[in-house]
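Engineer: If it helps, the file is called coords27.tsv and holds TSV, C-alpha atoms:
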chain	number	residue	atom	x	y	z
A	1	MET	CA	62.18	-49.08	77.18
A	2	ARG	CA	64.10	-47.52	74.22
A	3	SER	CA	67.70	-48.58	73.70
A	4	TRP	CA	70.72	-46.33	73.62
A	5	ARG	CA	70.91	-46.72	69.82
A	6	TRP	CA	67.55	-45.01	69.45
A	7	TYR	CA	68.70	-42.05	71.54
A	8	LEU	CA	71.92	-41.84	69.55
A	9	SER	CA	70.07	-41.78	66.23
A	10	ARG	CA	67.74	-39.11	67.58
A	11	VAL	CA	70.63	-36.90	68.59
A	12	MET	CA	72.28	-37.37	65.18
A	13	ARG	CA	69.10	-36.32	63.42
A	14	LEU	CA	68.85	-33.16	65.52
A	15	PHE	CA	72.51	-32.40	64.82
A	16	LEU	CA	72.03	-32.81	61.06
A	17	ARG	CA	68.97	-30.62	61.12
A	18	TRP	CA	70.83	-27.90	63.01
A	19	PHE	CA	73.76	-28.18	60.57
A	20	ARG	CA	71.47	-27.71	57.57
A	21	LEU	CA	69.91	-24.62	59.14
A	22	CYS	CA	73.38	-23.16	59.69
A	23	LEU	CA	74.26	-23.75	56.04
A	24	ARG	CA	71.07	-22.03	54.89
A	25	ARG	CA	71.78	-19.02	57.08
A	26	GLY	CA	75.29	-18.80	55.67
A	27	ARG	CA	73.94	-18.84	52.12
A	28	ARG	CA	71.52	-16.05	52.84
A	29	LYS	CA	74.44	-13.74	53.52
A	30	ARG	CA	75.54	-14.19	49.92
A	31	PRO	CA	72.33	-14.36	47.85
A	32	ASN	CA	72.35	-16.26	44.62
A	33	ARG	CA	71.11	-14.10	41.75
A	34	VAL	CA	70.03	-17.07	39.64
A	35	ARG	CA	68.07	-18.59	42.52
A	36	ASP	CA	66.36	-15.27	43.24
A	37	LEU	CA	65.31	-14.94	39.62
A	38	TRP	CA	64.06	-18.52	39.61
A	39	ASN	CA	62.04	-17.95	42.79
A	40	TYR	CA	60.64	-14.72	41.35
A	41	GLY	CA	59.59	-16.51	38.15
A	42	THR	CA	58.02	-19.34	40.18
A	43	VAL	CA	55.99	-16.91	42.26
A	44	LEU	CA	54.96	-15.05	39.09
A	45	MET	CA	53.77	-18.22	37.35
A	46	LYS	CA	51.92	-19.42	40.46
A	47	SER	CA	50.23	-16.06	40.88
A	48	LEU	CA	49.08	-16.22	37.26
A	49	TYR	CA	47.91	-19.81	37.63
A	50	TYR	CA	46.08	-19.51	40.95
A	51	ASN	CA	44.58	-16.04	40.41
A	52	VAL	CA	40.88	-16.36	39.58
A	53	LEU	CA	40.92	-12.86	38.03
A	54	THR	CA	43.64	-13.75	35.54
A	55	ASN	CA	42.80	-13.10	31.89
A	56	SER	CA	44.66	-12.57	28.64
A	57	ASP	CA	45.30	-8.86	29.42
A	58	THR	CA	47.00	-9.75	32.73
A	59	VAL	CA	49.20	-12.35	31.05
A	60	LEU	CA	50.20	-9.93	28.27
A	61	ASP	CA	50.99	-7.20	30.81
A	62	CYS	CA	53.29	-9.58	32.67
A	63	VAL	CA	54.97	-10.76	29.46
A	64	PHE	CA	55.55	-7.20	28.20
A	65	GLU	CA	56.57	-5.81	31.60
A	66	PRO	CA	60.31	-5.76	30.66
A	67	ILE	CA	59.47	-3.84	27.48
A	68	TYR	CA	57.35	-1.36	29.43
A	69	TRP	CA	60.21	-0.90	31.89
A	70	LEU	CA	62.67	-0.26	29.05
A	71	VAL	CA	60.39	2.26	27.34
A	72	ASP	CA	59.68	4.09	30.61
A	73	ASN	CA	63.35	4.40	31.49
A	74	MET	CA	64.34	5.46	27.97
A	75	THR	CA	61.61	8.10	27.96
A	76	ARG	CA	62.74	9.36	31.35
A	77	TRP	CA	66.40	9.68	30.37
A	78	PHE	CA	65.82	10.94	26.81
A	79	GLY	CA	63.40	13.64	27.95
A	80	VAL	CA	66.24	16.14	28.28
A	81	VAL	CA	67.36	15.29	24.74
A	82	PHE	CA	63.85	15.86	23.35
A	83	VAL	CA	63.55	19.22	25.12
A	84	SER	CA	66.95	20.27	23.80
A	85	LEU	CA	65.87	19.21	20.31
A	86	VAL	CA	62.72	21.34	20.48
A	87	ILE	CA	64.73	24.36	21.64
A	88	ALA	CA	67.39	23.84	18.94
A	89	LEU	CA	64.91	23.41	16.06
A	90	THR	CA	62.77	26.35	17.17
A	91	SER	CA	65.84	28.55	17.58
A	92	SER	CA	67.08	27.62	14.11
A	93	ILE	CA	63.76	28.65	12.55
A	94	VAL	CA	63.75	31.94	14.45
A	95	ILE	CA	67.33	32.70	13.33
A	96	ILE	CA	66.50	31.95	9.69
A	97	VAL	CA	63.42	34.19	9.86
A	98	TYR	CA	65.45	37.09	11.27
A	99	LEU	CA	68.42	36.66	8.91
A	100	CYS	CA	66.71	35.55	5.69
A	101	VAL	CA	62.95	36.09	5.64
A	102	LEU	CA	62.57	39.51	7.29
A	103	PRO	CA	65.14	41.26	5.04
A	104	ILE	CA	63.23	40.04	1.98
A	105	ILE	CA	59.94	41.21	3.52
A	106	PHE	CA	61.39	44.65	4.33
A	107	SER	CA	62.66	45.10	0.78
A	108	THR	CA	59.65	43.83	-1.18
A	109	TYR	CA	56.45	44.15	0.93
A	110	PRO	CA	54.35	47.31	1.49
A	111	VAL	CA	54.32	49.04	4.86
A	112	HIS	CA	51.04	47.60	6.18
A	113	TRP	CA	52.19	44.03	5.46
A	114	ILE	CA	55.53	44.71	7.16
A	115	LEU	CA	53.70	45.91	10.27
A	116	TRP	CA	51.44	42.84	10.16
A	117	HIS	CA	54.41	40.45	9.99
A	118	LEU	CA	56.25	42.25	12.79
A	119	CYS	CA	53.27	42.35	15.15
A	120	TYR	CA	51.86	38.88	14.54
A	121	GLY	CA	55.22	37.15	14.32
A	122	HIS	CA	56.54	38.53	17.60
A	123	TRP	CA	53.22	37.94	19.40
A	124	ASN	CA	53.17	34.32	18.25
A	125	LEU	CA	56.79	33.84	19.27
A	126	LEU	CA	56.15	35.36	22.71
A	127	MET	CA	53.14	33.10	23.36
A	128	LEU	CA	55.00	30.03	22.13
A	129	VAL	CA	58.07	30.58	24.32
A	130	TYR	CA	56.04	31.51	27.39
A	131	HIS	CA	53.71	28.50	27.30
A	132	TYR	CA	56.52	26.05	26.53
A	133	TYR	CA	58.50	27.31	29.50
A	134	LYS	CA	55.46	27.10	31.77
A	135	ALA	CA	54.54	23.63	30.52
A	136	ILE	CA	58.04	22.36	31.35
A	137	THR	CA	58.46	24.01	34.73
A	138	THR	CA	54.91	23.81	36.14
A	139	CYS	CA	54.18	20.85	38.40
A	140	PRO	CA	51.24	18.86	36.98
A	141	GLY	CA	49.82	18.28	40.47
A	142	PHE	CA	50.08	15.36	42.91
A	143	PRO	CA	47.49	13.99	45.33
A	144	PRO	CA	48.27	14.27	49.07
A	145	GLN	CA	50.29	11.37	50.46
A	146	GLU	CA	49.00	11.69	54.01
A	147	LYS	CA	45.52	10.82	55.23
A	148	SER	CA	42.93	13.52	54.52
A	149	ASP	CA	39.20	14.07	54.18
A	150	ILE	CA	39.39	14.49	50.39
A	151	PRO	CA	36.97	12.08	48.65
A	152	THR	CA	38.75	9.35	46.72
A	153	VAL	CA	37.54	6.75	44.25
A	154	THR	CA	40.20	4.03	44.47
A	155	ILE	CA	43.65	3.06	45.77
A	156	CYS	CA	46.70	3.28	43.53
A	157	LYS	CA	48.23	-0.16	43.09
A	158	LYS	CA	51.72	1.32	42.69
A	159	CYS	CA	51.76	4.13	45.29
A	160	ILE	CA	49.35	2.39	47.71
A	161	VAL	CA	47.69	5.74	48.45
A	162	PRO	CA	44.10	6.96	47.84
A	163	LYS	CA	43.46	8.43	44.40
A	164	PRO	CA	40.99	11.29	43.85
A	165	ALA	CA	38.76	11.32	40.81
A	166	ARG	CA	40.52	11.71	37.42
A	167	THR	CA	43.90	10.87	39.01
A	168	HIS	CA	46.13	8.26	37.36
A	169	HIS	CA	49.58	6.80	37.97
A	170	CYS	CA	52.46	7.72	35.65
A	171	SER	CA	54.95	4.89	35.35
A	172	ILE	CA	57.65	7.27	34.06
A	173	CYS	CA	57.36	9.83	36.87
A	174	ASN	CA	56.51	6.97	39.28
A	175	ARG	CA	53.83	9.13	40.91
A	176	CYS	CA	50.10	9.73	40.71
A	177	ILE	CA	49.13	12.80	38.65
A	178	LEU	CA	46.01	14.90	39.13
A	179	LYS	CA	43.84	14.83	35.99
A	180	MET	CA	46.60	13.09	34.09
A	181	ASP	CA	46.45	13.37	30.31
A	182	HIS	CA	49.76	11.75	29.30
A	183	HIS	CA	53.51	11.95	29.84
A	184	CYS	CA	55.00	14.15	27.14
A	185	PRO	CA	58.67	13.41	26.29
A	186	TRP	CA	58.92	16.75	24.44
A	187	LEU	CA	58.25	18.48	27.76
A	188	ASN	CA	60.06	15.93	29.93
A	189	ASN	CA	57.05	16.32	32.20
A	190	CYS	CA	53.60	14.92	32.77
A	191	VAL	CA	50.61	16.82	31.39
A	192	GLY	CA	48.27	17.14	34.35
A	193	HIS	CA	45.79	19.45	35.98
A	194	PHE	CA	48.05	22.48	36.54
A	195	ASN	CA	49.95	22.49	33.22
A	196	HIS	CA	47.36	21.09	30.80
A	197	ARG	CA	46.44	24.59	29.61
A	198	TYR	CA	50.10	25.47	29.02
A	199	PHE	CA	50.64	22.28	27.01
A	200	PHE	CA	47.64	22.84	24.75
A	201	SER	CA	48.47	26.53	24.27
A	202	PHE	CA	52.03	25.62	23.31
A	203	CYS	CA	50.78	23.10	20.74
A	204	LEU	CA	48.28	25.63	19.38
A	205	PHE	CA	50.75	28.53	19.03
A	206	MET	CA	53.48	26.26	17.66
A	207	THR	CA	51.06	25.04	14.98
A	208	MET	CA	49.96	28.58	14.19
A	209	GLY	CA	53.59	29.71	13.98
A	210	CYS	CA	54.55	26.88	11.64
A	211	ILE	CA	51.56	27.55	9.38
A	212	TYR	CA	52.42	31.25	9.38
A	213	CYS	CA	56.06	30.57	8.40
A	214	SER	CA	55.19	28.03	5.72
A	215	ILE	CA	52.63	30.34	4.09
A	216	SER	CA	54.77	33.47	4.35
A	217	ALA	CA	57.86	31.76	2.94
A	218	LYS	CA	56.11	29.77	0.21
A	219	ASP	CA	57.20	31.99	-2.69
A	220	MET	CA	60.70	32.29	-1.24
A	221	PHE	CA	60.85	28.50	-0.94
A	222	LEU	CA	59.85	28.00	-4.59
A	223	ASP	CA	62.47	30.48	-5.79
A	224	ALA	CA	65.15	28.87	-3.59
A	225	TYR	CA	64.17	25.36	-4.74
A	226	ASN	CA	64.34	26.37	-8.42
A	227	ALA	CA	67.73	27.98	-7.80
A	228	ILE	CA	69.06	24.78	-6.20
A	229	GLU	CA	67.69	22.70	-9.10
A	230	SER	CA	69.32	25.03	-11.62
A	231	SER	CA	72.72	24.37	-10.04
A	232	TYR	CA	72.68	20.92	-11.66
A	233	GLN	CA	72.51	22.45	-15.13
A	234	THR	CA	75.47	22.74	-17.45
A	235	PRO	CA	76.95	25.26	-17.06
A	236	PRO	CA	75.67	25.91	-13.48
A	237	PRO	CA	74.65	29.46	-12.55
A	238	SER	CA	77.14	31.45	-10.57
A	239	PHE	CA	75.78	31.76	-7.02
A	240	THR	CA	77.87	33.10	-4.19
A	241	ARG	CA	78.35	31.15	-0.97
A	242	GLU	CA	75.89	33.44	0.86
A	243	GLU	CA	73.24	32.90	-1.82
A	244	ARG	CA	73.60	29.12	-1.65
A	245	MET	CA	73.27	29.21	2.14
A	246	LEU	CA	70.19	31.42	1.76
A	247	HIS	CA	68.55	28.96	-0.63
A	248	LYS	CA	69.23	25.95	1.59
A	249	SER	CA	68.03	27.79	4.68
A	250	LEU	CA	64.72	28.72	3.04
A	251	VAL	CA	64.15	25.14	1.88
A	252	TYR	CA	64.96	23.85	5.37
A	253	LEU	CA	62.57	26.38	6.95
A	254	TRP	CA	59.66	25.52	4.67
A	255	VAL	CA	60.05	21.75	4.87
A	256	LEU	CA	60.39	21.73	8.68
A	257	THR	CA	57.54	24.14	9.38
A	258	SER	CA	55.21	22.40	6.92
A	259	SER	CA	55.92	18.98	8.41
A	260	VAL	CA	55.48	20.18	11.99
A	261	SER	CA	52.27	22.04	11.13
A	262	VAL	CA	50.72	18.82	9.76
A	263	ALA	CA	51.91	16.52	12.56
A	264	LEU	CA	51.44	18.89	15.49
A	265	GLY	CA	48.27	20.31	13.99
A	266	SER	CA	46.70	16.84	14.03
A	267	LEU	CA	47.69	16.40	17.68
A	268	THR	CA	46.30	19.83	18.56
A	269	LEU	CA	43.03	19.07	16.81
A	270	TRP	CA	42.74	15.79	18.72
A	271	HIS	CA	43.26	17.53	22.06
A	272	ALA	CA	40.75	20.21	21.06
A	273	VAL	CA	38.15	17.46	20.56
A	274	LEU	CA	39.01	16.02	23.99
A	275	ILE	CA	38.67	19.45	25.64
A	276	THR	CA	35.29	19.92	23.95
A	277	ARG	CA	34.17	16.60	25.48
A	278	ALA	CA	35.76	17.38	28.89
A	279	GLU	CA	38.00	14.32	28.64
A	280	THR	CA	41.69	13.57	28.89
A	281	SER	CA	43.59	11.07	26.75
A	282	VAL	CA	43.37	8.47	29.53
A	283	GLU	CA	39.68	9.11	30.14
A	284	ARG	CA	38.97	8.80	26.42
A	285	HIS	CA	39.88	5.10	26.49
A	286	ILE	CA	38.20	4.49	29.86
A	287	ASN	CA	34.97	6.16	28.76
A	288	HIS	CA	35.00	4.25	25.48
A	289	ARG	CA	35.17	0.90	27.30
A	290	GLU	CA	32.50	2.01	29.76
A	291	ARG	CA	30.26	3.22	26.94
A	292	THR	CA	30.60	-0.13	25.16
A	293	ARG	CA	29.92	-2.11	28.33
A	294	LEU	CA	26.80	-0.15	29.23
A	295	LYS	CA	25.49	-0.26	25.68
A	296	LEU	CA	25.31	-4.05	25.91
A	297	ARG	CA	23.12	-3.63	29.02
A	298	GLY	CA	20.75	-1.21	27.33
A	299	LYS	CA	22.15	1.88	29.04
A	300	MET	CA	23.93	5.00	27.86
A	301	PHE	CA	27.09	6.49	29.36
A	302	ARG	CA	27.30	10.21	30.10
A	303	ASN	CA	30.49	11.96	31.11
A	304	PRO	CA	29.88	13.43	34.60
A	305	TYR	CA	32.44	16.22	33.97
A	306	HIS	CA	30.80	17.51	30.77
A	307	HIS	CA	29.35	21.01	31.25
A	308	GLY	CA	28.61	21.76	27.62
A	309	MET	CA	31.03	22.50	24.79
A	310	LEU	CA	31.48	26.23	25.40
A	311	ASN	CA	31.54	25.86	29.18
A	312	ASN	CA	34.19	23.15	28.88
A	313	TRP	CA	36.46	25.59	27.04
A	314	ARG	CA	35.76	28.32	29.59
A	315	ARG	CA	36.64	26.06	32.49
A	316	PHE	CA	39.73	24.80	30.69
A	317	PHE	CA	41.13	28.29	30.02
A	318	GLY	CA	39.88	29.70	33.32
A	319	VAL	CA	37.63	32.29	31.63
A	320	GLU	CA	35.18	33.88	34.05
A	321	LYS	CA	34.25	37.04	32.13
A	322	ARG	CA	34.52	38.27	28.56
A	323	SER	CA	37.71	40.24	29.10
A	324	ASP	CA	39.43	37.05	30.24
A	325	TRP	CA	39.49	35.79	26.64
A	326	LEU	CA	41.97	38.60	25.96
A	327	THR	CA	43.93	38.69	29.22
A	328	ARG	CA	44.02	34.92	29.91
A	329	VAL	CA	43.93	33.34	26.43
A	330	LEU	CA	45.44	35.78	23.93
A	331	LEU	CA	48.04	37.16	26.37
A	332	PRO	CA	50.47	35.36	28.70
A	333	SER	CA	48.77	34.53	32.00
A	334	ALA	CA	49.82	32.39	34.97
A	335	HIS	CA	46.38	32.09	36.58
A	336	LEU	CA	45.46	28.79	38.25
A	337	PRO	CA	42.90	26.35	36.81
A	338	HIS	CA	39.23	26.55	37.70
A	339	GLU	CA	39.36	23.70	40.26
A	340	ASP	CA	41.97	22.27	42.62
A	341	GLY	CA	42.22	18.89	40.87
A	342	LEU	CA	41.10	16.99	43.99
A	343	THR	CA	37.35	17.59	43.83
A	344	TRP	CA	35.24	18.33	40.77
A	345	ASP	CA	32.02	20.22	40.22
A	346	CYS	CA	29.65	17.94	38.34
A	347	PRO	CA	26.36	19.15	36.85
A	348	PRO	CA	23.58	18.10	39.28
A	349	TYR	CA	21.26	16.95	36.52
A	350	ARG	CA	23.72	14.44	35.08
A	351	ASN	CA	24.15	10.83	36.11
A	352	ASN	CA	26.78	8.33	35.11
A	353	THR	CA	24.27	6.04	33.42
A	354	VAL	CA	20.72	6.37	32.23
A	355	VAL	CA	18.46	3.75	30.70
A	356	ILE	CA	17.94	4.17	26.96
Reformat the file's structure so that it appears as structure tokens.

Structural biologist:
Amino acid sequence: MRSWRWYLSRVMRLFLRWFRLCLRRGRRKRPNRVRDLWNYGTVLMKSLYYNVLTNSDTVLDCVFEPIYWLVDNMTRWFGVVFVSLVIALTSSIVIIVYLCVLPIIFSTYPVHWILWHLCYGHWNLLMLVYHYYKAITTCPGFPPQEKSDIPTVTICKKCIVPKPARTHHCSICNRCILKMDHHCPWLNNCVGHFNHRYFFSFCLFMTMGCIYCSISAKDMFLDAYNAIESSYQTPPPSFTREERMLHKSLVYLWVLTSSVSVALGSLTLWHAVLITRAETSVERHINHRERTRLKLRGKMFRNPYHHGMLNNWRRFFGVEKRSDWLTRVLLPSAHLPHEDGLTWDCPPYRNNTVVI
């Protein structure tokens, strides 16, 4: 038979255990930030250590996760600044052309060249403004959040929803995008299925406009540059304030348009190659890894969305007949893409892999 001391010690132990539980509950009401961070780091390290699928890429992603978060948030908040910068720079070039370049053209060029500059310049400006506005305001396309019968290929690890083919998650928009190409800070929007054509057309017409301005104003730029250089002579030539502003404006116009035509022209050429191959920027890297992996196994990768070079351009621009090249490509058009972005028409004779 147990003594009364044993019962007393048992009661004291139960009391102490109950007291400790009360203290823990009281602490939970006021969480400790340092302890939460320590627990989060412990779970992170244990998940890395005990995960059999862990490799160097997973470790680097976890290490650089704060940097990715900073870049994503900066891109999200500075998108408005980048859009404002595009509008301001483009407006400054247009103002200089109207105030400085066109008066010189009217006074020195023959009539047929004046008509050419007026027609081409205003057409290029119209196409540029229209496609930039549509690229900014058009929704790139999102997959349905509710359950549906649409065929999917995987589950998004961030959204925890089914992803259709060619759909990828944008960490800046924090949503899945149909046929995602990339997130463009100059648009403050994702480039996806429904605004991909507007983005490429904007890049194309912006490049064409910059090349047009740099070529048309080349002689004016050389004269303005020589005039600015001559101002350092002794004695300096007597230029009025309006003439000095004219010279600086022409130099600014030529330097900016030439730089943008080289940089943006390279980007446009790269996207033209991707369109020819029926790929997006994301799919380019995925297909490259898949092509390398299958090559080691003696197989060859074929893009299931490739319909031929010319057909890829037709499907991209939504051209169904010959007249559409004029009404849908060379003129402003708000027609929808060829497909809905959820399902894709693949050529029946093509397979993902074939043995070499």

Engineer: Have a look at A:Ile114, A:Cys184, A:Leu336, A:Ile275 and name the one nearest to Gly318 in chain A; count all atoms listed in the file.

Structural biologist: A:Leu336

Engineer: One decimal, Å: what's the distance from CA of His306 in chain A over to CA of Val282 in chain A, could you say?

Structural biologist: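 Distance reported for this atom pair: 15.5 Å.
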
Engineer: Mind dumping a table of every range 219-323 of chain A residue within 10 Å of range 209-213 of chain A, with the nearest atom pair and its distance in Å to one decimal, using only C-alpha atoms, sorted by chain and rising number, as a tab-separated table?

Structural biologist:
residue	atom	partner	partner_atom	distance
A:Leu253	CA	A:Cys213	CA	7.9
A:Trp254	CA	A:Cys213	CA	7.2
A:Leu256	CA	A:Cys210	CA	8.3
A:Thr257	CA	A:Cys210	CA	4.6
A:Ser258	CA	A:Cys210	CA	6.5
A:Ser259	CA	A:Cys210	CA	8.6
A:Val260	CA	A:Cys210	CA	6.8
A:Ser261	CA	A:Cys210	CA	5.4
A:Val262	CA	A:Ile211	CA	8.8
A:Leu264	CA	A:Cys210	CA	9.4
A:Gly265	CA	A:Ile211	CA	9.2

Engineer: Do you have, as a Markdown table, the list of residues of range 240-289 of chain A lying at most 10 Å from range 148-168 of chain A, each with its nearest atom pair and that distance in Å to one decimal, counting all atoms listed in the file and ordered by chain then number?

Structural biologist:
| residue | atom | partner | partner_atom | distance |
| --- | --- | --- | --- | --- |
| A:Glu279 | CA | A:Arg166 | CA | 9.5 |
| A:Thr280 | CA | A:Arg166 | CA | 8.8 |
| A:Val282 | CA | A:His168 | CA | 8.3 |
| A:Glu283 | CA | A:Arg166 | CA | 7.8 |

Engineer: Rounded to one decimal place, report the CA of Ala227 in chain A-CA of His247 in chain A distance in Å.

Structural biologist: 7.3 Å

Engineer: List as number ranges by chain the protein and nucleic acid residues near Val86 in chain A, meaning an atom at most 12 Å away when all atoms listed in the file are counted, but skip any in the same chain fewer than 2 places from it.

Structural biologist: A: 79-84, 88-93, 128-129, 132-133, 136, 185-188, 202, 206, 260

Engineer: CA of Val71 in chain A and CA of Cys170 in chain A, how far apart in Å?

Structural biologist: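 According to the coordinates, CA of Cys170 in chain A and CA of Val71 in chain A are separated by 12.7 Å.
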
Engineer: Here is a test: counting only C-alpha atoms, which residue of A:Val43, A:Leu246, A:Val329, A:Val101 is nearest to Lys218 in chain A?

Structural biologist: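 Using only C-alpha atoms, Lys218 in chain A sits closest to A:Val101.
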
Engineer: Could you name the residues that touch range 172-174 of chain A at 7 Å or less, counting all atoms listed in the file, but leaving out those on the same chain fewer than 3 positions away, as JSON, numbers by chain?

Structural biologist: {"A": [72, 73, 76]}

Engineer: Would you kindly return, as a PyMOL selection string, each protein, DNA or RNA residue with an atom no farther than 7 Å from any atom of range 339-341 of chain A, considering all atoms listed in the file and excluding same-chain residues fewer than 4 positions away?

Structural biologist: chain A and resi 178-179+193

Engineer: Pick out the residues sitting within 8 Å of His307 in chain A, and hand them over as a PyMOL selection string; count all atoms listed in the file, and ignore anything fewer than 2 positions along from it in its own chain.

Structural biologist: chain A and resi 278+305+309+311-312+346-347

Engineer: Range 132-139 of chain A, all listed atoms, 3 Å padding on each side: what axis-aligned box centre and edge lengths in Å to one decimal come out, as JSON?

Structural biologist:
{"center_x": 56.3, "center_y": 24.1, "center_z": 32.5, "size_x": 10.3, "size_y": 12.5, "size_z": 17.9}

Engineer: Check the smallest atom-to-atom distance from each of A:Leu118, A:Leu222, A:Cys139, A:Leu60 to Tyr98 in chain A using only C-alpha atoms, then report the winner.

Structural biologist: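 Closest to Tyr98 in chain A, using only C-alpha atoms: A:Leu118.
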
Engineer: Contacts of His117 in chain A at 12 Å or less, counting all atoms listed in the file, minus same-chain residues fewer than 3 places along, as a ChimeraX atom specification?

Structural biologist: /A:97-98,101-106,109-114,120-125,209,212-213,215-217

Engineer: Taking all atoms listed in the file into account, which of A:Thr108, A:Asp61, A:Glu290, A:Arg315 comes nearest Arg328 in chain A?

Structural biologist: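 Closest to Arg328 in chain A, using all atoms listed in the file: A:Arg315.
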
Engineer: Compare A:Ser171, A:Thr343, A:Asn195, A:Thr42 by their minimum atom-to-atom distance to Thr137 in chain A, counting all atoms listed in the file, and give me the closest one.

Structural biologist: A:Asn195
